[in-house]
Structures are given as structure tokens and as C-alpha cells.
Amino acid sequence: MRFVLLLRYVYAGTRKRVQGMKTQMPTILMMFLAVTMAAAQAQSDRPATGPITGIDSTALAGSARASKVIGSKVYKGDDAVGQIEDVLISLDHANVTALVLSVGGFLGLREKLVAIPVDQIKVSSEAKFTTELTKEQLAAAPAFDFGKLK
């Protein structure tokens, strides 16, 4: 007897779930169609793909890759006063703001990193980096700390 009651209970619960699914199915189908139509509309609103504007090939020809700039020596006259270790870029304006130089020391020992505003560095047509800053000025400059960057 208990078994029969248990079967009736299970059957009644299953029947309610099936009936509930029958009423939920149209709702689920409508939601699926709405999402599909919204996705199709979003794709049609996208602009057509084409070339990127604002890139001037002559300006690119006169540019240098950061990976090639890093490691270059910086000279005052004929004397090397430092080596470019990194390039700092303004996040707001997407332009180079400073170069990080390693100065002083010998063979990597007792070197100090200093940030030099990009307008203090000149580049010759032979890609030689020069500055009017002396070794003493660079040695007296405050040490640069990468930890202070965002």
C-alpha cells in the first residue's frame, strides 16, 4: 500500500512538472527569439570594416620601434652618459613623456635609473640619441621608481 501511494505521489509530481513545462515553453521560445533578434540587430549596426584612418605612411617611415630604442646609448658629445632602459607613455594622451636611463655605475653595478623628459633627448638622422645633460647632472637627478607608475 505504501508503495502504491509513493507511485501516485511521484506520478502526480511528474505530471505537474510536465504541465508547467508546457506553459513555460512558449515563454522560453519567445525569450530566445528576442535575444536572437537583438544580436542580429547589433551586428547590422556595426560600421563597415575598412582601412584605419589617421596613419600616415611618411610619419611611420620616420618612426622607431620602442624595442629598438631600448638599449640604445645616449651621448653628450662623444661620451656615452647613459643607456635607455624604458620608454614612458602618457596614458591620457598616448604620447612619449619620458625615457628611463641607466646612469653611472660600471658593468651594471651601482647603476641608477633616472627619468628624463623626452624633450631633453635629441635624435639625429643616424638614430644617435644625444642630450645636453652632463654625467654629473644625470647622477644628481632623483632615482626613478617603477613602483610609482599606475
# chains A, B, ... in the order shown; residues from 1 in each chain; ligands from 1
call {"tool": "residues_around", "arguments": {"residues": "segment 69-78 of chain A", "least_positions_apart": "3", "cutoff": "6 Å", "atoms": "only C-alpha atoms", "output": "MDAnalysis selection string"}}
result
chainID A and resid 66 81:86 129:132
call {"tool": "closest_residue", "arguments": {"among": "A:Ser90, A:Ser57, A:Ile121, A:Ala115", "to": "Val103 of chain A", "atoms": "only C-alpha atoms"}}
result
A:Ala115
call {"tool": "residues_around", "arguments": {"residues": "Asn95 of chain A", "least_positions_apart": "5", "cutoff": "12 Å", "atoms": "only C-alpha atoms", "output": "PDB file with N, CA and C atoms, in the first residue's frame"}}
result
ATOM      1  N   VAL A  87      60.722  53.244 -21.945  1.00  0.00           N
ATOM      2  CA  VAL A  87      60.026  54.385 -22.536  1.00  0.00           C
ATOM      3  C   VAL A  87      58.721  54.553 -21.768  1.00  0.00           C
ATOM      4  N   LEU A  88      58.452  55.780 -21.281  1.00  0.00           N
ATOM      5  CA  LEU A  88      57.224  56.051 -20.545  1.00  0.00           C
ATOM      6  C   LEU A  88      56.226  56.752 -21.459  1.00  0.00           C
ATOM      7  N   ILE A  89      55.001  56.247 -21.469  1.00  0.00           N
ATOM      8  CA  ILE A  89      53.960  56.768 -22.350  1.00  0.00           C
ATOM      9  C   ILE A  89      52.817  57.290 -21.490  1.00  0.00           C
ATOM     10  N   SER A  90      52.327  58.475 -21.824  1.00  0.00           N
ATOM     11  CA  SER A  90      51.177  59.049 -21.133  1.00  0.00           C
ATOM     12  C   SER A  90      49.931  58.237 -21.470  1.00  0.00           C
ATOM     13  N   PRO A 117      62.783  63.849 -19.289  1.00  0.00           N
ATOM     14  CA  PRO A 117      61.717  64.273 -20.215  1.00  0.00           C
ATOM     15  C   PRO A 117      62.178  64.092 -21.660  1.00  0.00           C
ATOM     16  N   VAL A 118      61.260  63.671 -22.491  1.00  0.00           N
ATOM     17  CA  VAL A 118      61.607  63.351 -23.871  1.00  0.00           C
ATOM     18  C   VAL A 118      62.155  64.568 -24.615  1.00  0.00           C
TER      19      VAL A 118
END
call {"tool": "atom_distance", "arguments": {"atom1": "atom CA of Ile55 of chain A", "atom2": "atom CA of Val96 of chain A"}}
result
17.3 Å
call {"tool": "atom_distance", "arguments": {"atom1": "atom CA of Ala80 of chain A", "atom2": "atom CA of Lys135 of chain A"}}
result
8.6 Å
call {"tool": "atom_distance", "arguments": {"atom1": "atom CA of Ala143 of chain A", "atom2": "atom CA of Val114 of chain A"}}
result
5.1 Å
call {"tool": "residues_around", "arguments": {"residues": "Ile116 of chain A", "least_positions_apart": "2", "cutoff": "9 Å", "atoms": "only C-alpha atoms", "output": "VMD selection string"}}
result
chain A and resid 97 to 101 114 118 to 121 138
call {"tool": "write_last_selection", "arguments": {"atoms": "C-alpha atoms", "output": "PDB file, in the first residue's frame"}}
result
ATOM      1  CA  THR A  97      56.601  61.586 -21.967  1.00  0.00           C
ATOM      2  CA  ALA A  98      59.997  60.407 -20.753  1.00  0.00           C
ATOM      3  CA  LEU A  99      62.826  57.974 -21.270  1.00  0.00           C
ATOM      4  CA  VAL A 100      64.222  55.992 -18.367  1.00  0.00           C
ATOM      5  CA  LEU A 101      68.025  55.951 -18.479  1.00  0.00           C
ATOM      6  CA  VAL A 114      66.503  58.304 -13.886  1.00  0.00           C
ATOM      7  CA  VAL A 118      61.607  63.351 -23.871  1.00  0.00           C
ATOM      8  CA  ASP A 119      62.305  66.975 -24.893  1.00  0.00           C
ATOM      9  CA  GLN A 120      65.753  66.682 -23.238  1.00  0.00           C
ATOM     10  CA  ILE A 121      66.771  63.993 -25.748  1.00  0.00           C
ATOM     11  CA  LEU A 138      72.208  62.763 -14.525  1.00  0.00           C
TER      12      LEU A 138
END
call {"tool": "closest_residue", "arguments": {"among": "A:Leu113, A:Leu60, A:Leu91, A:Ile52", "to": "Lys150 of chain A", "atoms": "only C-alpha atoms"}}
result
A:Leu91
call {"tool": "select_by_dssp", "arguments": {"residues": "segment 42-150 of chain A", "states": "alpha helix (DSSP H)", "output": "NGL selection string"}}
result
:A and (42-45 or 57-61 or 66-69 or 135-140)
call {"tool": "closest_residue", "arguments": {"among": "A:Ala64, A:Gly105, A:Lys148, A:Arg110", "to": "Ala127 of chain A", "atoms": "only C-alpha atoms"}}
result
A:Ala64
